[in-house]
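Report on the following structure.
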Amino acid sequence: MGKIALLFAMFFLPAVVFASAPVAPIAPLAPVSKELKKQLLGTPVYIQIFKEERTLELYGKIGTEYRLLDSYRICNFSGGLGPKRRQGDFKSPEGFYSVGLSQLKPDSRFYRAINTGFPNEYDRQQGYEGKYLMIHGSCVSIGCYAMTDANIDDIYHYVEAALRNGQPRVEVSIYPFRMTDSNLQRHRYSVYYSFWQQLQPGYAEFVKNRQPPSMGVSGGKYVLNSALLNSTSTSQSALALSEAK
């Protein structure tokens, strides 16, 4: 019976961890007023990037939810859609990253810069290589997300204030496009399709709960930490029940 339970756990775990509810298109969000945005300097923040739209969205925490503070045009990025894999491929990263104070570069040669933290745990498990992948100014990109100086000034200001005000790390989710079912279907023949499917649960989590997704890596794939914990608990319960029998 122990072997049967173990097999059950092996098959059941991926179904729970990697499955996600359908994600329908959503109407574009309107940012908060300029007056409210000014008052929220120092609140915890969260960043989403959408390559295809050339858009960076900055969210701030109001009560228990994160609301859109502002949306910025990405001045330049390189390499098209898909994750960065190696140094010199000129691609900009995709995935889930986080930023601490040490990753802020106020004296960057590209005006100001925020190091995304590439490579993260997922990237390292894939053997991906690269360094100094930034969100920065000067509107020049070789694998980075380049903004105008005015826009990076604003983004940097809010990220720095949040970190200095006690937020441990600022989460940065980078997507090829808005991860709706229709957009995934549109790109279903891409070589990156299976990778993009891993990103969709994180996108859906934020759409549903207005909280930055807590992502982990399991078996070389991105997973929601909550789904991983639930699946592990279910597998352990099944094993315990089998041993009891």
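Going by the structure tokens order, chains are called A, B, ..., each with residues numbered from 1, while ligands are numbered from 1 in the order shown.
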Listing only residues of range 107-184 of chain A within 8 Å of range 32-44 of chain A, what is the closest atom pair and its distance in Å (to one decimal) for each, using only C-alpha atoms, sorted by chain and residue number ascending, as a Markdown table?
| residue | atom | partner | partner_atom | distance |
| --- | --- | --- | --- | --- |
| A:Tyr158 | CA | A:Leu41 | CA | 5.9 |
| A:Ala161 | CA | A:Gly42 | CA | 4.6 |
| A:Ala162 | CA | A:Gly42 | CA | 4.4 |
| A:Leu163 | CA | A:Pro44 | CA | 7.7 |
| A:Arg164 | CA | A:Gly42 | CA | 7.7 |
| A:Asn165 | CA | A:Gly42 | CA | 5.7 |
| A:Gln167 | CA | A:Pro44 | CA | 5.9 |
| A:Val170 | CA | A:Pro44 | CA | 7.6 |
Print the selection's residues with N, CA and C atoms to a file, as a JSON list (two decimals), in the first residue's frame.
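Heads up, here's the output in result28.json:
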[["chain", "number", "residue", "atom", "x", "y", "z"],
["A", 158, "TYR", "N", 10.00, 55.37, -5.96],
["A", 158, "TYR", "CA", 9.01, 54.59, -5.19],
["A", 158, "TYR", "C", 9.59, 53.27, -4.69],
["A", 161, "ALA", "N", 11.95, 54.16, -1.77],
["A", 161, "ALA", "CA", 11.19, 54.58, -0.59],
["A", 161, "ALA", "C", 10.53, 53.39, 0.09],
["A", 162, "ALA", "N", 10.01, 52.45, -0.69],
["A", 162, "ALA", "CA", 9.38, 51.26, -0.11],
["A", 162, "ALA", "C", 10.39, 50.41, 0.65],
["A", 163, "LEU", "N", 11.56, 50.22, 0.06],
["A", 163, "LEU", "CA", 12.59, 49.41, 0.71],
["A", 163, "LEU", "C", 13.13, 50.09, 1.97],
["A", 164, "ARG", "N", 13.33, 51.38, 1.91],
["A", 164, "ARG", "CA", 13.84, 52.10, 3.09],
["A", 164, "ARG", "C", 12.77, 52.23, 4.17],
["A", 165, "ASN", "N", 11.52, 52.04, 3.79],
["A", 165, "ASN", "CA", 10.42, 52.14, 4.76],
["A", 165, "ASN", "C", 10.07, 50.78, 5.35],
["A", 167, "GLN", "N", 9.90, 47.53, 3.54],
["A", 167, "GLN", "CA", 9.57, 46.39, 2.67],
["A", 167, "GLN", "C", 10.85, 45.60, 2.42],
["A", 170, "VAL", "N", 11.18, 43.99, -3.15],
["A", 170, "VAL", "CA", 10.14, 44.36, -4.11],
["A", 170, "VAL", "C", 10.08, 43.28, -5.18]]
* Would you list the contacts of range 137-139 of chain A as a ChimeraX atom specification, taking every protein, DNA or RNA residue within 6 Å and counting only C-alpha atoms, but skipping same-chain residues closer than 6 positions in sequence? => /A:75-76,110-112,146-149,152
* Asked: Neighbours of range 49-62 of chain A within 8 Å (only C-alpha atoms; same-chain residues fewer than 5 positions away dropped), as number ranges by chain?
  -> A: 40, 43-44, 67-76, 80-81, 155, 172-178
What does the file look like for those residues with N, CA and C atoms, as a CSV table (one decimal), in the first residue's frame?
chain,number,residue,atom,x,y,z
A,40,LEU,N,1.2,58.0,-1.3
A,40,LEU,CA,1.6,56.6,-1.1
A,40,LEU,C,3.1,56.4,-1.2
A,43,THR,N,4.9,53.4,0.6
A,43,THR,CA,4.1,52.2,0.8
A,43,THR,C,4.8,51.0,0.0
A,44,PRO,N,4.5,49.7,0.4
A,44,PRO,CA,5.0,48.6,-0.3
A,44,PRO,C,4.6,48.7,-1.8
A,67,ARG,N,-2.8,48.4,-5.7
A,67,ARG,CA,-3.5,49.2,-6.7
A,67,ARG,C,-2.5,49.8,-7.7
A,68,LEU,N,-2.9,50.0,-8.9
A,68,LEU,CA,-2.0,50.6,-9.9
A,68,LEU,C,-1.7,52.1,-9.6
A,69,LEU,N,-0.4,52.4,-9.4
A,69,LEU,CA,0.0,53.8,-9.2
A,69,LEU,C,0.2,54.5,-10.5
A,70,ASP,N,0.9,53.8,-11.4
A,70,ASP,CA,1.2,54.4,-12.7
A,70,ASP,C,1.6,53.3,-13.7
A,71,SER,N,1.5,53.6,-15.0
A,71,SER,CA,1.9,52.8,-16.1
A,71,SER,C,2.9,53.5,-16.9
A,72,TYR,N,4.0,52.9,-17.3
A,72,TYR,CA,5.1,53.6,-18.0
A,72,TYR,C,5.4,52.8,-19.3
A,73,ARG,N,5.7,53.6,-20.3
A,73,ARG,CA,6.1,53.0,-21.6
A,73,ARG,C,7.6,52.6,-21.5
A,74,ILE,N,7.9,51.3,-21.9
A,74,ILE,CA,9.2,50.9,-21.9
A,74,ILE,C,9.8,51.5,-23.2
A,75,CYS,N,10.9,52.2,-23.0
A,75,CYS,CA,11.5,53.0,-24.1
A,75,CYS,C,12.2,52.0,-25.1
A,76,ASN,N,12.8,50.9,-24.5
A,76,ASN,CA,13.6,50.0,-25.3
A,76,ASN,C,13.8,48.7,-24.6
A,80,GLY,N,13.4,40.4,-28.4
A,80,GLY,CA,12.1,39.9,-28.6
A,80,GLY,C,11.5,39.1,-27.4
A,81,LEU,N,10.4,38.4,-27.7
A,81,LEU,CA,9.8,37.6,-26.6
A,81,LEU,C,10.6,36.3,-26.3
A,155,ILE,N,10.0,55.6,-11.0
A,155,ILE,CA,9.9,54.2,-10.6
A,155,ILE,C,11.0,54.0,-9.4
A,172,VAL,N,9.2,41.6,-8.7
A,172,VAL,CA,9.1,42.1,-10.1
A,172,VAL,C,8.7,40.9,-11.0
A,173,SER,N,7.5,40.9,-11.6
A,173,SER,CA,7.1,39.8,-12.4
A,173,SER,C,7.2,40.3,-13.9
A,174,ILE,N,7.9,39.5,-14.7
A,174,ILE,CA,8.1,39.9,-16.1
A,174,ILE,C,7.5,38.9,-17.0
A,175,TYR,N,6.6,39.4,-17.8
A,175,TYR,CA,5.8,38.5,-18.7
A,175,TYR,C,6.0,38.9,-20.2
A,176,PRO,N,5.9,37.9,-21.1
A,176,PRO,CA,6.0,38.3,-22.5
A,176,PRO,C,4.8,39.1,-23.0
A,177,PHE,N,3.6,38.9,-22.3
A,177,PHE,CA,2.4,39.6,-22.6
A,177,PHE,C,1.4,39.3,-21.5
A,178,ARG,N,0.2,39.9,-21.5
A,178,ARG,CA,-0.7,39.6,-20.4
A,178,ARG,C,-1.1,38.1,-20.6
* **Residue contacts of Ala113 in chain A (8 Å, only C-alpha atoms) excluding same-chain residues fewer than 3 positions away, as a VMD selection string** => chain A and resid 104 to 108 110 134 to 137 152 156
Store the residues picked out above, limited to N, CA and C atoms, as a PDB file, in the first residue's frame.
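The new file out-v7.pdb reads:
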ATOM      1  N   LEU A 104      19.848  48.475  -6.020  1.00  0.00           N
ATOM      2  CA  LEU A 104      19.587  49.803  -6.556  1.00  0.00           C
ATOM      3  C   LEU A 104      20.902  50.487  -6.907  1.00  0.00           C
ATOM      4  N   LYS A 105      20.952  51.079  -8.080  1.00  0.00           N
ATOM      5  CA  LYS A 105      22.170  51.742  -8.562  1.00  0.00           C
ATOM      6  C   LYS A 105      21.865  53.213  -8.880  1.00  0.00           C
ATOM      7  N   PRO A 106      21.992  54.090  -7.873  1.00  0.00           N
ATOM      8  CA  PRO A 106      21.662  55.502  -8.110  1.00  0.00           C
ATOM      9  C   PRO A 106      22.662  56.217  -9.008  1.00  0.00           C
ATOM     10  N   ASP A 107      23.882  55.662  -9.138  1.00  0.00           N
ATOM     11  CA  ASP A 107      24.934  56.297  -9.927  1.00  0.00           C
ATOM     12  C   ASP A 107      25.233  55.519 -11.202  1.00  0.00           C
ATOM     13  N   SER A 108      24.232  54.802 -11.716  1.00  0.00           N
ATOM     14  CA  SER A 108      24.428  54.012 -12.936  1.00  0.00           C
ATOM     15  C   SER A 108      24.831  54.903 -14.110  1.00  0.00           C
ATOM     16  N   PHE A 110      23.681  54.544 -16.825  1.00  0.00           N
ATOM     17  CA  PHE A 110      22.411  54.720 -17.538  1.00  0.00           C
ATOM     18  C   PHE A 110      21.427  55.493 -16.651  1.00  0.00           C
ATOM     19  N   MET A 134      19.070  44.949 -16.012  1.00  0.00           N
ATOM     20  CA  MET A 134      18.539  46.071 -15.252  1.00  0.00           C
ATOM     21  C   MET A 134      17.230  46.623 -15.819  1.00  0.00           C
ATOM     22  N   ILE A 135      16.554  47.384 -14.972  1.00  0.00           N
ATOM     23  CA  ILE A 135      15.568  48.366 -15.410  1.00  0.00           C
ATOM     24  C   ILE A 135      16.286  49.704 -15.201  1.00  0.00           C
ATOM     25  N   HIS A 136      16.539  50.444 -16.281  1.00  0.00           N
ATOM     26  CA  HIS A 136      17.357  51.651 -16.136  1.00  0.00           C
ATOM     27  C   HIS A 136      16.900  52.750 -17.084  1.00  0.00           C
ATOM     28  N   GLY A 137      17.592  53.868 -17.032  1.00  0.00           N
ATOM     29  CA  GLY A 137      17.266  55.003 -17.879  1.00  0.00           C
ATOM     30  C   GLY A 137      18.058  55.017 -19.172  1.00  0.00           C
ATOM     31  N   ILE A 152      12.274  56.370 -15.185  1.00  0.00           N
ATOM     32  CA  ILE A 152      13.040  55.570 -14.223  1.00  0.00           C
ATOM     33  C   ILE A 152      13.224  56.341 -12.929  1.00  0.00           C
ATOM     34  N   TYR A 156      12.192  54.415  -9.661  1.00  0.00           N
ATOM     35  CA  TYR A 156      13.284  54.254  -8.691  1.00  0.00           C
ATOM     36  C   TYR A 156      12.906  54.892  -7.362  1.00  0.00           C
TER      37      TYR A 156
END
* If you count only C-alpha atoms, which residues fall within 8 Å of range 192-202 of chain A, apart from same-chain ones fewer than 4 positions away, as a PyMOL selection string? -> chain A and resi 18-20+82+95+175-176+179-180+184+187-188+206+213-215+221-224
Expected file contents, prior selection, all heavy atoms, as a short mmCIF file (atom, residue, chain, number, x, y, z; two decimals), in the first residue's frame:
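Output saved as selection.cif:
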data_model
loop_
_atom_site.label_atom_id
_atom_site.label_comp_id
_atom_site.auth_asym_id
_atom_site.auth_seq_id
_atom_site.Cartn_x
_atom_site.Cartn_y
_atom_site.Cartn_z
N PHE A 18 0.69 22.60 -11.18
CA PHE A 18 0.85 23.29 -12.44
C PHE A 18 -0.46 23.66 -13.11
O PHE A 18 -0.47 24.43 -14.05
CB PHE A 18 1.71 22.46 -13.40
CG PHE A 18 3.05 22.11 -12.81
CD1 PHE A 18 3.43 20.81 -12.60
CD2 PHE A 18 3.93 23.11 -12.44
CE1 PHE A 18 4.66 20.51 -12.04
CE2 PHE A 18 5.16 22.83 -11.89
CZ PHE A 18 5.52 21.51 -11.69
N ALA A 19 -1.59 23.12 -12.63
CA ALA A 19 -2.86 23.47 -13.22
C ALA A 19 -3.28 24.86 -12.77
O ALA A 19 -2.96 25.29 -11.69
CB ALA A 19 -3.92 22.46 -12.81
N SER A 20 -3.99 25.57 -13.63
CA SER A 20 -4.49 26.88 -13.26
C SER A 20 -5.86 27.09 -13.86
O SER A 20 -6.18 26.55 -14.91
CB SER A 20 -3.53 27.98 -13.73
OG SER A 20 -3.43 27.98 -15.14
N GLY A 82 10.44 35.83 -25.04
CA GLY A 82 11.15 34.64 -24.60
C GLY A 82 12.18 34.96 -23.54
O GLY A 82 12.65 36.10 -23.44
N GLY A 95 10.15 36.13 -16.16
CA GLY A 95 10.02 35.29 -14.97
C GLY A 95 9.75 36.13 -13.74
O GLY A 95 9.28 37.27 -13.83
N TYR A 175 6.56 39.38 -17.82
CA TYR A 175 5.79 38.51 -18.71
C TYR A 175 6.02 38.90 -20.17
O TYR A 175 6.28 40.07 -20.48
CB TYR A 175 4.30 38.62 -18.40
CG TYR A 175 3.93 38.27 -16.98
CD1 TYR A 175 3.54 39.27 -16.08
CD2 TYR A 175 3.95 36.96 -16.54
CE1 TYR A 175 3.18 38.95 -14.78
CE2 TYR A 175 3.59 36.64 -15.24
CZ TYR A 175 3.21 37.63 -14.36
OH TYR A 175 2.86 37.32 -13.07
N PRO A 176 5.87 37.94 -21.09
CA PRO A 176 5.96 38.29 -22.52
C PRO A 176 4.77 39.13 -22.97
O PRO A 176 4.88 39.96 -23.87
CB PRO A 176 5.98 36.94 -23.21
CG PRO A 176 5.24 36.03 -22.27
CD PRO A 176 5.60 36.51 -20.90
N MET A 179 -1.01 37.34 -19.48
CA MET A 179 -1.07 35.89 -19.58
C MET A 179 -2.51 35.37 -19.55
O MET A 179 -2.89 34.51 -18.74
CB MET A 179 -0.24 35.26 -18.46
CG MET A 179 1.19 35.76 -18.36
SD MET A 179 2.13 35.54 -19.89
CE MET A 179 2.23 33.76 -19.97
N THR A 180 -3.34 35.87 -20.46
CA THR A 180 -4.70 35.39 -20.61
C THR A 180 -4.70 34.13 -21.47
O THR A 180 -3.74 33.86 -22.21
CB THR A 180 -5.59 36.44 -21.27
OG1 THR A 180 -5.08 36.72 -22.58
CG2 THR A 180 -5.60 37.74 -20.45
N LEU A 184 -2.22 33.23 -24.70
CA LEU A 184 -1.45 31.98 -24.78
C LEU A 184 -1.83 31.17 -26.01
O LEU A 184 -0.96 30.59 -26.68
CB LEU A 184 -1.68 31.14 -23.51
CG LEU A 184 -0.79 31.46 -22.31
CD1 LEU A 184 -1.23 30.66 -21.09
CD2 LEU A 184 0.67 31.16 -22.62
N HIS A 187 -0.12 32.34 -29.04
CA HIS A 187 1.30 32.00 -29.12
C HIS A 187 1.54 30.49 -28.92
O HIS A 187 2.64 30.09 -28.53
CB HIS A 187 2.08 32.78 -28.06
CG HIS A 187 2.17 34.26 -28.34
ND1 HIS A 187 3.08 34.80 -29.22
CD2 HIS A 187 1.45 35.30 -27.85
CE1 HIS A 187 2.93 36.12 -29.25
NE2 HIS A 187 1.95 36.45 -28.43
N ARG A 188 0.53 29.69 -29.18
CA ARG A 188 0.60 28.26 -28.85
C ARG A 188 1.68 27.51 -29.64
O ARG A 188 2.10 26.42 -29.24
CB ARG A 188 -0.75 27.59 -29.05
CG ARG A 188 -1.26 27.57 -30.48
CD ARG A 188 -2.71 27.08 -30.53
NE ARG A 188 -3.27 27.05 -31.87
CZ ARG A 188 -3.76 28.10 -32.50
NH1 ARG A 188 -3.76 29.28 -31.91
NH2 ARG A 188 -4.26 27.97 -33.71
N PHE A 206 -2.31 37.31 -9.16
CA PHE A 206 -2.41 38.74 -8.92
C PHE A 206 -3.75 39.30 -9.40
O PHE A 206 -4.35 40.15 -8.74
CB PHE A 206 -1.26 39.49 -9.58
CG PHE A 206 -1.27 40.97 -9.29
CD1 PHE A 206 -0.97 41.43 -8.01
CD2 PHE A 206 -1.62 41.89 -10.26
CE1 PHE A 206 -1.01 42.79 -7.71
CE2 PHE A 206 -1.66 43.25 -9.98
CZ PHE A 206 -1.36 43.70 -8.70
N PRO A 213 2.38 37.51 -6.52
CA PRO A 213 2.42 36.06 -6.37
C PRO A 213 3.68 35.59 -5.66
O PRO A 213 4.77 36.12 -5.90
CB PRO A 213 2.38 35.56 -7.82
CG PRO A 213 2.98 36.69 -8.61
CD PRO A 213 2.53 37.94 -7.91
N SER A 214 3.52 34.61 -4.78
CA SER A 214 4.66 33.99 -4.12
C SER A 214 5.04 32.76 -4.92
O SER A 214 4.33 31.74 -4.91
CB SER A 214 4.30 33.61 -2.67
OG SER A 214 5.37 32.92 -2.06
N MET A 215 6.15 32.85 -5.66
CA MET A 215 6.53 31.78 -6.58
C MET A 215 7.74 31.00 -6.06
O MET A 215 8.63 31.57 -5.43
CB MET A 215 6.86 32.36 -7.95
CG MET A 215 5.74 33.18 -8.58
SD MET A 215 4.19 32.25 -8.85
CE MET A 215 4.74 31.05 -10.07
N LYS A 221 10.67 23.89 -12.56
CA LYS A 221 9.58 24.70 -13.09
C LYS A 221 9.09 25.69 -12.05
O LYS A 221 9.18 25.43 -10.85
CB LYS A 221 8.40 23.81 -13.53
CG LYS A 221 8.73 22.90 -14.69
CD LYS A 221 7.50 22.11 -15.14
CE LYS A 221 7.81 21.24 -16.34
NZ LYS A 221 6.61 20.51 -16.81
N TYR A 222 8.57 26.83 -12.52
CA TYR A 222 7.94 27.78 -11.62
C TYR A 222 6.62 27.20 -11.10
O TYR A 222 5.85 26.60 -11.85
CB TYR A 222 7.60 29.08 -12.35
CG TYR A 222 8.75 30.03 -12.55
CD1 TYR A 222 9.15 30.39 -13.84
CD2 TYR A 222 9.41 30.62 -11.47
CE1 TYR A 222 10.18 31.29 -14.04
CE2 TYR A 222 10.45 31.51 -11.67
CZ TYR A 222 10.82 31.85 -12.95
OH TYR A 222 11.85 32.74 -13.13
N VAL A 223 6.38 27.39 -9.80
CA VAL A 223 5.11 26.97 -9.19
C VAL A 223 4.70 28.01 -8.15
O VAL A 223 5.54 28.70 -7.57
CB VAL A 223 5.21 25.59 -8.51
CG1 VAL A 223 5.45 24.49 -9.51
CG2 VAL A 223 6.31 25.58 -7.45
N LEU A 224 3.39 28.12 -7.93
CA LEU A 224 2.91 28.93 -6.82
C LEU A 224 3.25 28.22 -5.53
O LEU A 224 2.99 27.03 -5.38
CB LEU A 224 1.38 29.11 -6.92
CG LEU A 224 0.85 30.19 -7.84
CD1 LEU A 224 -0.66 30.04 -7.98
CD2 LEU A 224 1.21 31.57 -7.32
#
* So, counting only C-alpha atoms, which residue among A:Ser182, A:Ser141, A:Thr116, A:Asn151 is closest to Phe90 in chain A? -> A:Ser141
Which residues are near Leu133 in chain A? Cut-off 6 Å, only C-alpha atoms, ignore same chain within fewer than 2 positions. Put them as a compact mmCIF listing (two decimals) with C-alpha atoms, in the first residue's frame.
# COMPACT_ATOMS: atom_id res chain seq x y z
CA ASN A 115 19.05 45.20 -10.95
CA LYS A 131 24.51 39.57 -15.34
CA CYS A 144 17.78 45.41 -20.16
* Filtered DSSP result for range 32-148 of chain A, state strand (DSSP E or B), as an MDAnalysis selection string -> chainID A and resid 45:50 55:62 65:73 76 95:99 104:105 113:115 134:136 145:146
